[in-house]
Structures are given as structure tokens and as C-alpha cells.
Amino acid sequence: MGQIKFITDFDDQFYYNKKVFVRVDFNVKVQDNVVSEDYRIRSAVPTIEYLVKRGAKVILGTHLDRPKGKDYRFSLRPVSKKLAEILTAFDARVTFSEDCIGSETNKMVNNMKNGEVLLLENLRFYPEEEINDENFSAALSSYADVYINDAFSTSHRKHSSTYGVAKFFDYRIAGFNLAQELQYLSLLRERPANPFTLVIGGVKIKDKIGALDHLLPKADKVLIGGAASYTFLKAKGYSVGESIIEEDYLPWVTKALQAHREKIILPIDHKVAPSEKSDHYQIIQTDIPKGMRGYDIGDKTIQKFSYEIHNNGLGTIFWNGPMGYFEKEIFSNGTKSVAVSMALAYWRGVKTLIGGGDTLEAMKVSGVSEKEVTHVSTGGGATLRFLAGDEMPGIDVLKNY
Ligand code: ADP
Ligand code: 3PG
Ligand code: MG
């Protein structure tokens with residue numbers, strides 16, 4: 001298999017007057033027609049700016065959410081507004097095409113001037129996108145001379161715009177976002193600088209098993225909080241009351257505990273309540289009684305986790321998954337403390353990496369900025385799959401020269 005070509009592997013003249021189709025991942029949070037979280041959009045800006053400044057015509061394609069056909073609640077119009085706002089910084093004109101294929105879109109592409117940006121409507125308005133339909137891929141490819149993938153977070157999908165379309169191009173290239181994700185996440189996956197501390201929380205152990213299988217043997221310390229910790233505590237024989245657990249994964253968890261007992265650190269106290277609607281909590285050490293659910297790690301656990309993060313020295317820390325039901329203020333302390341400890345570790349020189357949509361949100365809620373983290377991955381599922389060593393069709397297709 002060949003090498004990946006990066007955007008800077010071509011000279012500046014290469015992009016001049018060329019139509020470049022860039023697969024971005026602008027699958028962002030939109031509330032009341034306004035983009036409420038724009039990290040993924042900002043992550044694609046270096047690639048867009050680079051192309052605009054070299055006189056390319058930049059055609060951007062992305063999905064938003066998982067619409068069934070043309071459902072305009074999932075239109076990219078609000079995203080195009082946000083993008084235009086961000087791109088005013090270097091005077092790039094952004095237009096929006098109300099479809100992603102068809103004669104109108106074709107016309108708009110043909111009328112583009114050098115240095116202009118055109119955002120296409122949601123690619124998933126056509127079911128052909130997700131089944132990697134050959135004709136749909138051909139239609140998308142007809143717009144451009146060059147294909148760039150700058151959407152790491154959707155590269156685990158074998159869809160038309162992430163995979164099928166690339167095969168129609170002689171030039172298929174990795175953009176800056178993809179390159180940066182590959183650089184940091186490959187290091188994390190293959191040879192993280194030790195000491196290596198893993199901080200795992202959130203829900204759905206199921207989605208994280210592959211990544212954990214790969215990372216647990218490399219880790220020196222593994223801190224497990226959030227809902228994920230109750231399956232581990234249950235496997236160790238503690239009562240967890242009505243806390244969220246994943247019964248089906250108890251055997252995997254039991255094995256992981258046996259193999260890595262000395263490095264896995266579980267909560268020693270919990271904030272519990274009868275339901276997420278409760279406005280009060282109790283602090284419980286060890287066993288959680290019947291009728292109660294754990295919603296956050298307790299203060300002793302916070303101290304222990306903060307100490308372990310501090311104790312990392314000059315290695316690597318990867319954090320995925322909030323420490324509790326942080327969306328509710330009274331259960332957000334554990335998550336906020338971990339976020340702040342991560343920022344302090346970064347300032348001390350530790351390589352810190354964060355992955356996961358909710359973890360990114362949690363970091364923001366905690367007042368920690370992306371600049372206080374070595375690398376914030378744009379990926380959710382893609383990051384976990386990549387760390388597990390799974391196939392990434394959107395990346396592999398770039399190697400196929
Ligand atoms: P990410 O998107 O960062 O990978 P996950 O999707 O795995 O993270 O988990 C995030 C969700 O987990 C959040 O919505 C958070 O409220 C929830 N969560 C974490 N701990 C608990 C808990 N103890 N009880 C209920 N929900 C929890
Ligand atoms: C994501 O949000 O993880 C990516 O945009 C992929 O979205 P999908 O899981 O709907 O394919
Ligand atoms: Mg999530």
C-alpha cells in the first residue's frame with residue numbers, strides 16, 4: 001500500500017485555479033438554527049485557508065447528523081453562516097448550494113472564481129451517500145480535479161464522500177486536520193511517552209472496548225470514573241444500586257481487571273441520588289444501596305484522581321468520557337476537577353489528549369480551553385476505532401495510489 005500525500009506535498013502553483021473537493025466533518029451541534037459548538041468547523045479552517053490563499057476553488061462536502069432523506073431540520077445553512085463568519089478573517093467569500101448534486105449545484109461550481117468557497121447541502125439528504133453508491137460518488141467527483149479528506153472524525157465510514165468518491169481522483173490528499181489527528185493519535189496508539197495515564201469515563205463501555213484492549217497494556221495508570229466505573233465495581237463484587245451498568249460486558253471487565261489489577265484505579269466514593277431529577281445527593285463510600293444511583297465521583301476520588309494526574313510527571317494522559325452526569329451542575333464536580341487537572345498537567349509539559357464529543361463539551365463547561373490541551377481530537381467513534389487499530393476506509397483510500 002502506498003504512502004499518504006499531504007496537502008503540503010504539492011507546490012503552491014499546484015492548487016492555483018484547481019477545483020478542490022474537500023470532505024470536511026461539519027457534523028456540529030445546531031440549536032434553533034444556530035451553531036452552538038464550532039470546534040469541528042474551526043479545525044478545517046487551516047486547510048480551507050491554505051487552499052483559498054493559493055487560488056483554488058474550494059468545494060466543501062459534509063453530512064450533518066443522520067437525516068432520513070431531505071429533512072431541512074438538518075440543513076447546513078446555519079453551518080454556512082458560521083463558516084462565513086469565521087472565514088471573514090481572511091476575506092474568503094462563502095456561498096451555499098441548496099443541494100449537493102444536480103444541475104443547480106453544477107452551475108454554482110462552474111461559476112466559482114479562484115479563492116472562493118462553496119459549501120454543499122447535507123450529503124446525507126441522499127441515501128446513496130451512506131451506501132457508497134457508485135453513481136453518487138461519480139456525481140460528486142465531477143465537480144473537482146483534486147480530492148482532500150480533512151474529516152478524520154468521519155474516516156471510519158465507508159461512504160461515497162469519504163471513500164467511493166476518492167477513487168475517481170488521481171490526486172487524493174490528506175488535509176491539515178487529518179494530518180494532525182494522525183500524528184497525535186498514532187503516537188498515542190503506538191508509543192505514548194511514559195508514564196502513560198488513561199482517564200476513562202462516560203457511558204457505553206461497548207464502544208470503548210477496542211481502544212481499551214489496545215491501550216490498557218501500554219498504560220501505567222488507568223483511572224475509571226463516570227457510569228463506566230459501575231460495571232467495574234460490580235465485577236469486583238460491590239453493590240452499585242441502580243447505577244448504569246452494562247451486564248453484557250461484565251466478562252470483559254472481569255478479565256481486564258484480572259490482567260491489569262495493579263494499574264486500574266476505581267472510585268472510592270460516589271455522589272448518589274434516587275434519580276437524575278434529584279436536587280440533592282448523598283456521599284457514599286464503597287457499596288451503593290438499593291434505589292440509589294451513582295451520578296458523580298465523590299471528593300475523595302476527586303483527590304485521588306487529581307493526585308494521579310499530577311503524579312504523571314512528563315508523560316502522556318488520554319482522557320475520554322466525563323466522570324459523571326456533568327450536564328447537571330450538582331453532578332459536575334468530578335468532571336470539572338479532572339478537566340482542570342488535565343490543564344495543569346498540560347502547563348507542566350505533559351502531552352495531554354482528549355477525545356469524545358461529550359468530553360469536549362465537558363472540558364468547555366469546566367472553563368478549560370482547547371489551547372490548554374496538546375490535542376483535542378475532533379472524533380468520537382472514529383477516534384476510538386482508530387485507537388483500537390480498526391480499519392479506517394477514509395484514510396486507507398488515500399494510500400491507494
Ligand atoms: P464521549 O462522548 O466523550 O465519548 P460518552 O458518550 O461515553 O462520552 O459519555 C458521555 C455521557 O455520559 C454524558 O452525557 C454524561 O452525562 C454521561 N455519564 C457519565 N457518568 C454518568 C453517570 N454516573 N450516570 C449517568 N450518566 C453519566
Ligand atoms: C461523528 O459525529 O462522530 C461523525 O460525524 C460521524 O457521524 P456518524 O456516526 O453519524 O457517521
Ligand atoms: Mg458521547
# chains A, B, ... in the order shown; residues from 1 in each chain; ligands from 1

call {"tool": "residues_around", "arguments": {"residues": "Asp207 of chain A", "least_positions_apart": "6", "cutoff": "9 Å", "atoms": "only C-alpha atoms", "output": "number ranges by chain"}}
result
A: 381, 384-385

call {"tool": "write_last_selection", "arguments": {"atoms": "N, CA, C and O atoms", "output": "PDB file, in the first residue's frame"}}
result
ATOM      1  N   GLY A 381     -16.571   8.333  17.603  1.00  0.00           N
ATOM      2  CA  GLY A 381     -16.396   6.936  17.190  1.00  0.00           C
ATOM      3  C   GLY A 381     -15.106   6.713  16.417  1.00  0.00           C
ATOM      4  O   GLY A 381     -14.419   5.705  16.617  1.00  0.00           O
ATOM      5  N   LEU A 384     -12.015   6.362  18.704  1.00  0.00           N
ATOM      6  CA  LEU A 384     -11.975   5.075  19.411  1.00  0.00           C
ATOM      7  C   LEU A 384     -11.620   3.943  18.444  1.00  0.00           C
ATOM      8  O   LEU A 384     -10.829   3.060  18.773  1.00  0.00           O
ATOM      9  N   ARG A 385     -12.175   3.992  17.235  1.00  0.00           N
ATOM     10  CA  ARG A 385     -11.866   2.950  16.251  1.00  0.00           C
ATOM     11  C   ARG A 385     -10.400   2.997  15.845  1.00  0.00           C
ATOM     12  O   ARG A 385      -9.740   1.982  15.720  1.00  0.00           O
TER      13      ARG A 385
END

call {"tool": "closest_atom_pairs", "arguments": {"of": "chain A", "to": "ligand 2", "cutoff": "10 Å", "atoms": "only C-alpha atoms and all ligand atoms", "output": "JSON lines"}}
result
{"residue": "A:Val24", "atom": "CA", "partner": "ligand 2", "partner_atom_place_in_ligand_line": "5 (O)", "distance": 9.3}
{"residue": "A:Asp25", "atom": "CA", "partner": "ligand 2", "partner_atom_place_in_ligand_line": "5 (O)", "distance": 5.8}
{"residue": "A:Phe26", "atom": "CA", "partner": "ligand 2", "partner_atom_place_in_ligand_line": "5 (O)", "distance": 7.2}
{"residue": "A:Asn27", "atom": "CA", "partner": "ligand 2", "partner_atom_place_in_ligand_line": "5 (O)", "distance": 4.9}
{"residue": "A:Val28", "atom": "CA", "partner": "ligand 2", "partner_atom_place_in_ligand_line": "2 (O)", "distance": 7.5}
{"residue": "A:Lys29", "atom": "CA", "partner": "ligand 2", "partner_atom_place_in_ligand_line": "2 (O)", "distance": 9.6}
{"residue": "A:Arg40", "atom": "CA", "partner": "ligand 2", "partner_atom_place_in_ligand_line": "5 (O)", "distance": 9.3}
{"residue": "A:Thr62", "atom": "CA", "partner": "ligand 2", "partner_atom_place_in_ligand_line": "5 (O)", "distance": 8.6}
{"residue": "A:His63", "atom": "CA", "partner": "ligand 2", "partner_atom_place_in_ligand_line": "5 (O)", "distance": 7.2}
{"residue": "A:Leu64", "atom": "CA", "partner": "ligand 2", "partner_atom_place_in_ligand_line": "5 (O)", "distance": 7.2}
{"residue": "A:Asp65", "atom": "CA", "partner": "ligand 2", "partner_atom_place_in_ligand_line": "10 (O)", "distance": 5.5}
{"residue": "A:Arg66", "atom": "CA", "partner": "ligand 2", "partner_atom_place_in_ligand_line": "10 (O)", "distance": 5.5}
{"residue": "A:Pro67", "atom": "CA", "partner": "ligand 2", "partner_atom_place_in_ligand_line": "10 (O)", "distance": 9.2}
{"residue": "A:Arg124", "atom": "CA", "partner": "ligand 2", "partner_atom_place_in_ligand_line": "10 (O)", "distance": 9.5}
{"residue": "A:Glu130", "atom": "CA", "partner": "ligand 2", "partner_atom_place_in_ligand_line": "11 (O)", "distance": 8.7}
{"residue": "A:Ala151", "atom": "CA", "partner": "ligand 2", "partner_atom_place_in_ligand_line": "5 (O)", "distance": 8.4}
{"residue": "A:Phe152", "atom": "CA", "partner": "ligand 2", "partner_atom_place_in_ligand_line": "4 (C)", "distance": 8.7}
{"residue": "A:Ser153", "atom": "CA", "partner": "ligand 2", "partner_atom_place_in_ligand_line": "4 (C)", "distance": 5.2}
{"residue": "A:Thr154", "atom": "CA", "partner": "ligand 2", "partner_atom_place_in_ligand_line": "6 (C)", "distance": 4.6}
{"residue": "A:Ser155", "atom": "CA", "partner": "ligand 2", "partner_atom_place_in_ligand_line": "6 (C)", "distance": 8.1}
{"residue": "A:His156", "atom": "CA", "partner": "ligand 2", "partner_atom_place_in_ligand_line": "6 (C)", "distance": 8.0}
{"residue": "A:Arg157", "atom": "CA", "partner": "ligand 2", "partner_atom_place_in_ligand_line": "11 (O)", "distance": 6.3}
{"residue": "A:Lys158", "atom": "CA", "partner": "ligand 2", "partner_atom_place_in_ligand_line": "11 (O)", "distance": 9.5}
{"residue": "A:His159", "atom": "CA", "partner": "ligand 2", "partner_atom_place_in_ligand_line": "11 (O)", "distance": 9.1}
{"residue": "A:Gly356", "atom": "CA", "partner": "ligand 2", "partner_atom_place_in_ligand_line": "3 (O)", "distance": 8.5}
{"residue": "A:Gly357", "atom": "CA", "partner": "ligand 2", "partner_atom_place_in_ligand_line": "2 (O)", "distance": 7.6}
{"residue": "A:Thr378", "atom": "CA", "partner": "ligand 2", "partner_atom_place_in_ligand_line": "3 (O)", "distance": 8.2}
{"residue": "A:Gly379", "atom": "CA", "partner": "ligand 2", "partner_atom_place_in_ligand_line": "3 (O)", "distance": 5.7}
{"residue": "A:Gly380", "atom": "CA", "partner": "ligand 2", "partner_atom_place_in_ligand_line": "3 (O)", "distance": 4.6}
{"residue": "A:Gly381", "atom": "CA", "partner": "ligand 2", "partner_atom_place_in_ligand_line": "3 (O)", "distance": 5.2}
{"residue": "A:Ala382", "atom": "CA", "partner": "ligand 2", "partner_atom_place_in_ligand_line": "3 (O)", "distance": 6.3}
{"residue": "A:Thr383", "atom": "CA", "partner": "ligand 2", "partner_atom_place_in_ligand_line": "3 (O)", "distance": 8.6}

call {"tool": "write_last_selection", "arguments": {"atoms": "N, CA and C atoms", "output": "CSV table (one decimal), in the first residue's frame"}}
result
chain,number,residue,atom,x,y,z
A,24,VAL,N,-15.1,17.6,4.6
A,24,VAL,CA,-15.0,18.1,6.0
A,24,VAL,C,-16.0,17.4,6.8
A,25,ASP,N,-15.8,17.5,8.1
A,25,ASP,CA,-16.9,17.0,9.0
A,25,ASP,C,-17.4,18.2,9.8
A,26,PHE,N,-18.5,18.7,9.3
A,26,PHE,CA,-19.2,19.8,10.0
A,26,PHE,C,-20.5,19.3,10.7
A,27,ASN,N,-20.4,18.1,11.1
A,27,ASN,CA,-21.4,17.5,11.9
A,27,ASN,C,-21.3,18.1,13.3
A,28,VAL,N,-21.9,19.3,13.5
A,28,VAL,CA,-21.7,20.0,14.7
A,28,VAL,C,-23.1,20.2,15.4
A,29,LYS,N,-23.1,20.7,16.6
A,29,LYS,CA,-24.4,20.9,17.3
A,29,LYS,C,-25.0,22.2,16.8
A,40,ARG,N,-15.3,21.6,15.3
A,40,ARG,CA,-15.0,20.9,14.0
A,40,ARG,C,-14.9,21.8,12.8
A,62,THR,N,-20.1,17.8,3.4
A,62,THR,CA,-20.2,17.2,4.7
A,62,THR,C,-21.6,16.6,5.0
A,63,HIS,N,-21.7,15.8,6.0
A,63,HIS,CA,-23.0,15.4,6.5
A,63,HIS,C,-23.3,16.2,7.7
A,64,LEU,N,-24.6,16.3,8.1
A,64,LEU,CA,-25.0,16.8,9.4
A,64,LEU,C,-26.0,15.8,10.0
A,65,ASP,N,-25.6,15.2,11.1
A,65,ASP,CA,-26.5,14.3,11.8
A,65,ASP,C,-26.9,13.1,10.9
A,66,ARG,N,-28.0,12.5,11.2
A,66,ARG,CA,-28.4,11.3,10.5
A,66,ARG,C,-29.8,11.4,9.9
A,67,PRO,N,-30.0,12.4,9.0
A,67,PRO,CA,-31.4,12.6,8.4
A,67,PRO,C,-31.8,11.4,7.6
A,124,ARG,N,-26.1,13.6,3.3
A,124,ARG,CA,-26.9,12.5,3.7
A,124,ARG,C,-28.4,12.8,3.4
A,130,GLU,N,-24.6,7.1,2.1
A,130,GLU,CA,-24.2,6.1,3.1
A,130,GLU,C,-24.0,4.7,2.6
A,151,ALA,N,-11.5,15.2,7.1
A,151,ALA,CA,-12.6,14.9,8.1
A,151,ALA,C,-12.2,13.6,8.8
A,152,PHE,N,-11.2,13.7,9.7
A,152,PHE,CA,-10.7,12.5,10.4
A,152,PHE,C,-11.9,11.8,11.1
A,153,SER,N,-12.8,12.7,11.7
A,153,SER,CA,-13.9,12.1,12.5
A,153,SER,C,-14.9,11.4,11.8
A,154,THR,N,-14.9,11.3,10.5
A,154,THR,CA,-15.8,10.5,9.7
A,154,THR,C,-15.1,9.5,8.8
A,155,SER,N,-13.8,9.4,9.0
A,155,SER,CA,-13.0,8.5,8.2
A,155,SER,C,-13.2,7.0,8.5
A,156,HIS,N,-13.9,6.7,9.6
A,156,HIS,CA,-14.3,5.3,9.8
A,156,HIS,C,-15.5,4.8,9.0
A,157,ARG,N,-16.1,5.8,8.3
A,157,ARG,CA,-17.2,5.4,7.5
A,157,ARG,C,-16.8,5.2,6.0
A,158,LYS,N,-17.4,4.1,5.5
A,158,LYS,CA,-17.1,3.8,4.1
A,158,LYS,C,-18.3,4.3,3.2
A,159,HIS,N,-18.3,5.6,3.1
A,159,HIS,CA,-19.4,6.3,2.4
A,159,HIS,C,-18.9,6.8,1.1
A,356,GLY,N,-13.7,12.5,22.3
A,356,GLY,CA,-15.1,12.2,22.6
A,356,GLY,C,-15.9,13.5,22.6
A,357,GLY,N,-17.1,13.5,21.9
A,357,GLY,CA,-17.9,14.6,21.8
A,357,GLY,C,-18.3,15.2,23.2
A,378,THR,N,-11.1,15.7,17.0
A,378,THR,CA,-12.4,16.0,16.5
A,378,THR,C,-13.3,14.8,16.5
A,379,GLY,N,-12.8,13.6,16.7
A,379,GLY,CA,-13.5,12.4,16.6
A,379,GLY,C,-14.2,11.9,17.8
A,380,GLY,N,-15.3,11.2,17.6
A,380,GLY,CA,-15.9,10.4,18.7
A,380,GLY,C,-15.6,9.0,18.3
A,381,GLY,N,-16.6,8.3,17.6
A,381,GLY,CA,-16.4,6.9,17.2
A,381,GLY,C,-15.1,6.7,16.4
A,382,ALA,N,-14.8,7.7,15.6
A,382,ALA,CA,-13.6,7.5,14.7
A,382,ALA,C,-12.3,7.4,15.6
A,383,THR,N,-12.2,8.2,16.6
A,383,THR,CA,-11.0,8.2,17.5
A,383,THR,C,-10.9,6.8,18.2

call {"tool": "select_by_dssp", "arguments": {"residues": "segment 17-245 of chain A", "states": "strand (DSSP E or B)", "output": "tab-separated table (two decimals) with C-alpha atoms, in the first residue's frame"}}
result
chain	number	residue	atom	x	y	z
A	19	LYS	CA	-11.30	22.83	-8.19
A	20	VAL	CA	-10.71	21.02	-4.92
A	21	PHE	CA	-13.38	18.89	-3.26
A	22	VAL	CA	-12.73	18.84	0.48
A	23	ARG	CA	-14.58	16.31	2.63
A	29	LYS	CA	-24.36	20.94	17.32
A	30	VAL	CA	-27.05	23.23	15.88
A	31	GLN	CA	-29.68	24.72	18.20
A	34	VAL	CA	-27.52	28.49	15.21
A	35	VAL	CA	-24.28	26.53	15.52
A	36	SER	CA	-23.63	26.14	19.24
A	37	GLU	CA	-20.32	24.26	19.05
A	57	LYS	CA	-11.87	26.85	-5.84
A	58	VAL	CA	-12.85	25.10	-2.65
A	59	ILE	CA	-15.93	22.86	-2.67
A	60	LEU	CA	-16.84	21.59	0.78
A	61	GLY	CA	-18.95	18.48	1.38
A	94	VAL	CA	-18.54	31.61	1.09
A	95	THR	CA	-21.64	30.58	-0.83
A	96	PHE	CA	-24.10	27.83	-0.05
A	97	SER	CA	-25.59	25.37	-2.50
A	117	VAL	CA	-15.59	28.60	-1.09
A	118	LEU	CA	-18.81	26.70	-1.81
A	119	LEU	CA	-20.49	24.63	0.89
A	120	LEU	CA	-22.80	21.89	-0.39
A	146	VAL	CA	-8.43	17.19	-6.58
A	147	TYR	CA	-9.88	15.36	-3.54
A	148	ILE	CA	-8.88	16.24	0.01
A	149	ASN	CA	-10.03	14.40	3.11
A	171	TYR	CA	-4.97	13.29	-6.56
A	172	ARG	CA	-6.32	12.28	-3.16
A	173	ILE	CA	-4.73	14.14	-0.34
A	174	ALA	CA	-4.86	14.46	3.47
A	196	PHE	CA	1.02	6.94	30.39
A	197	THR	CA	-2.20	7.62	32.30
A	198	LEU	CA	-5.59	6.74	30.88
A	199	VAL	CA	-8.66	8.52	32.23
A	200	ILE	CA	-11.86	6.78	31.19
A	221	LYS	CA	-2.27	4.01	35.43
A	222	VAL	CA	-5.93	3.74	34.44
A	223	LEU	CA	-8.44	5.94	36.24
A	224	ILE	CA	-12.03	4.89	35.67
A	240	VAL	CA	-23.86	-0.43	42.74

call {"tool": "residues_near_ligand", "arguments": {"ligand": "ligand 1", "cutoff": "10 Å", "atoms": "only C-alpha atoms and all ligand atoms", "output": "PyMOL selection string"}}
result
chain A and resi 200-208+225-230+243-245+270-272+275-276+293-297+319-328+331-332+334-335+354-363+379-381+383-384

call {"tool": "closest_residue", "arguments": {"among": "A:Asp248, A:Asp220, A:Glu181, A:Glu98", "to": "Ser80 of chain A", "atoms": "only C-alpha atoms"}}
result
A:Glu98

call {"tool": "closest_residue", "arguments": {"among": "A:Asp269, A:Asp38, A:Asp9, A:Glu49", "to": "Lys300 of chain A", "atoms": "only C-alpha atoms"}}
result
A:Asp269

call {"tool": "select_by_dssp", "arguments": {"residues": "segment 145-183 of chain A", "states": "alpha helix (DSSP H)", "output": "list in words"}}
result
Phe176, Asn177, Leu178, Ala179, Gln180, Glu181, Leu182 and Gln183 of chain A

call {"tool": "residues_around", "arguments": {"residues": "Gly69 of chain A", "least_positions_apart": "6", "cutoff": "8 Å", "atoms": "only C-alpha atoms", "output": "VMD selection string"}}
result
chain A and resid 124 to 127

call {"tool": "write_last_selection", "arguments": {"atoms": "N, CA and C atoms", "output": "PDB file, in the first residue's frame"}}
result
ATOM      1  N   ARG A 124     -26.059  13.608   3.313  1.00  0.00           N
ATOM      2  CA  ARG A 124     -26.947  12.510   3.721  1.00  0.00           C
ATOM      3  C   ARG A 124     -28.409  12.775   3.390  1.00  0.00           C
ATOM      4  N   PHE A 125     -28.695  13.860   2.658  1.00  0.00           N
ATOM      5  CA  PHE A 125     -30.052  14.031   2.131  1.00  0.00           C
ATOM      6  C   PHE A 125     -30.295  12.977   1.045  1.00  0.00           C
ATOM      7  N   TYR A 126     -29.221  12.373   0.576  1.00  0.00           N
ATOM      8  CA  TYR A 126     -29.316  11.274  -0.385  1.00  0.00           C
ATOM      9  C   TYR A 126     -28.861   9.981   0.293  1.00  0.00           C
ATOM     10  N   PRO A 127     -29.745   8.980   0.346  1.00  0.00           N
ATOM     11  CA  PRO A 127     -29.349   7.714   0.985  1.00  0.00           C
ATOM     12  C   PRO A 127     -28.163   7.067   0.277  1.00  0.00           C
TER      13      PRO A 127
END

call {"tool": "residues_around", "arguments": {"residues": "Gly175 of chain A", "least_positions_apart": "4", "cutoff": "8 Å", "atoms": "only C-alpha atoms", "output": "list in words"}}
result
Phe6, Ile7, Thr47, Ile148, Asn149, Asp150 and Ala179 of chain A

call {"tool": "write_last_selection", "arguments": {"atoms": "all heavy atoms", "output": "short mmCIF file (atom, residue, chain, number, x, y, z; two decimals), in the first residue's frame"}}
result
data_model
loop_
_atom_site.label_atom_id
_atom_site.label_comp_id
_atom_site.auth_asym_id
_atom_site.auth_seq_id
_atom_site.Cartn_x
_atom_site.Cartn_y
_atom_site.Cartn_z
N PHE A 6 0.26 14.52 1.68
CA PHE A 6 -0.30 15.59 2.49
C PHE A 6 -0.41 16.86 1.67
O PHE A 6 0.26 17.01 0.64
CB PHE A 6 0.53 15.78 3.76
CG PHE A 6 0.42 14.59 4.67
CD1 PHE A 6 1.38 13.58 4.64
CD2 PHE A 6 -0.66 14.46 5.53
CE1 PHE A 6 1.26 12.46 5.47
CE2 PHE A 6 -0.79 13.34 6.35
CZ PHE A 6 0.18 12.35 6.32
N ILE A 7 -1.22 17.77 2.17
CA ILE A 7 -1.54 18.99 1.43
C ILE A 7 -0.28 19.79 1.06
O ILE A 7 -0.20 20.39 0.00
CB ILE A 7 -2.57 19.81 2.26
CG1 ILE A 7 -3.20 20.92 1.46
CG2 ILE A 7 -2.02 20.32 3.55
CD1 ILE A 7 -4.46 21.50 2.13
N THR A 47 -6.94 24.15 6.44
CA THR A 47 -6.96 23.59 5.08
C THR A 47 -7.66 24.55 4.11
O THR A 47 -7.17 24.82 3.01
CB THR A 47 -7.65 22.20 5.08
OG1 THR A 47 -6.82 21.31 5.81
CG2 THR A 47 -7.86 21.68 3.68
N ILE A 148 -9.58 16.17 -1.28
CA ILE A 148 -8.88 16.24 0.01
C ILE A 148 -9.80 15.71 1.10
O ILE A 148 -10.98 16.08 1.17
CB ILE A 148 -8.46 17.70 0.33
CG1 ILE A 148 -7.35 18.15 -0.64
CG2 ILE A 148 -7.96 17.82 1.78
CD1 ILE A 148 -6.76 19.50 -0.36
N ASN A 149 -9.28 14.82 1.92
CA ASN A 149 -10.03 14.40 3.11
C ASN A 149 -9.50 15.20 4.30
O ASN A 149 -8.32 15.08 4.64
CB ASN A 149 -9.86 12.90 3.36
CG ASN A 149 -10.59 12.45 4.63
OD1 ASN A 149 -11.24 13.26 5.31
ND2 ASN A 149 -10.49 11.17 4.96
N ASP A 150 -10.37 16.03 4.87
CA ASP A 150 -9.97 16.74 6.08
C ASP A 150 -10.97 16.44 7.20
O ASP A 150 -11.23 17.28 8.06
CB ASP A 150 -9.86 18.24 5.83
CG ASP A 150 -8.85 18.88 6.79
OD1 ASP A 150 -7.92 18.18 7.21
OD2 ASP A 150 -9.01 20.08 7.12
N ALA A 179 -4.08 15.24 9.04
CA ALA A 179 -2.66 15.03 9.31
C ALA A 179 -2.36 15.15 10.80
O ALA A 179 -1.64 14.33 11.38
CB ALA A 179 -1.83 16.05 8.53
#

call {"tool": "residues_around", "arguments": {"residues": "segment 312-318 of chain A", "least_positions_apart": "5", "cutoff": "12 Å", "atoms": "only C-alpha atoms", "output": "ChimeraX atom specification"}}
result
/A:184-185,187-189,191-201,211-212,215-216,218-224,305-307,338-339,341-356,359,373-377,383-384,387

call {"tool": "atom_distance", "arguments": {"atom1": "atom CA of Pro393 of chain A", "atom2": "atom CA of Thr105 of chain A"}}
result
26.9 Å

call {"tool": "atom_distance", "arguments": {"atom1": "atom CA of Ser142 of chain A", "atom2": "atom CA of Tyr16 of chain A"}}
result
18.3 Å
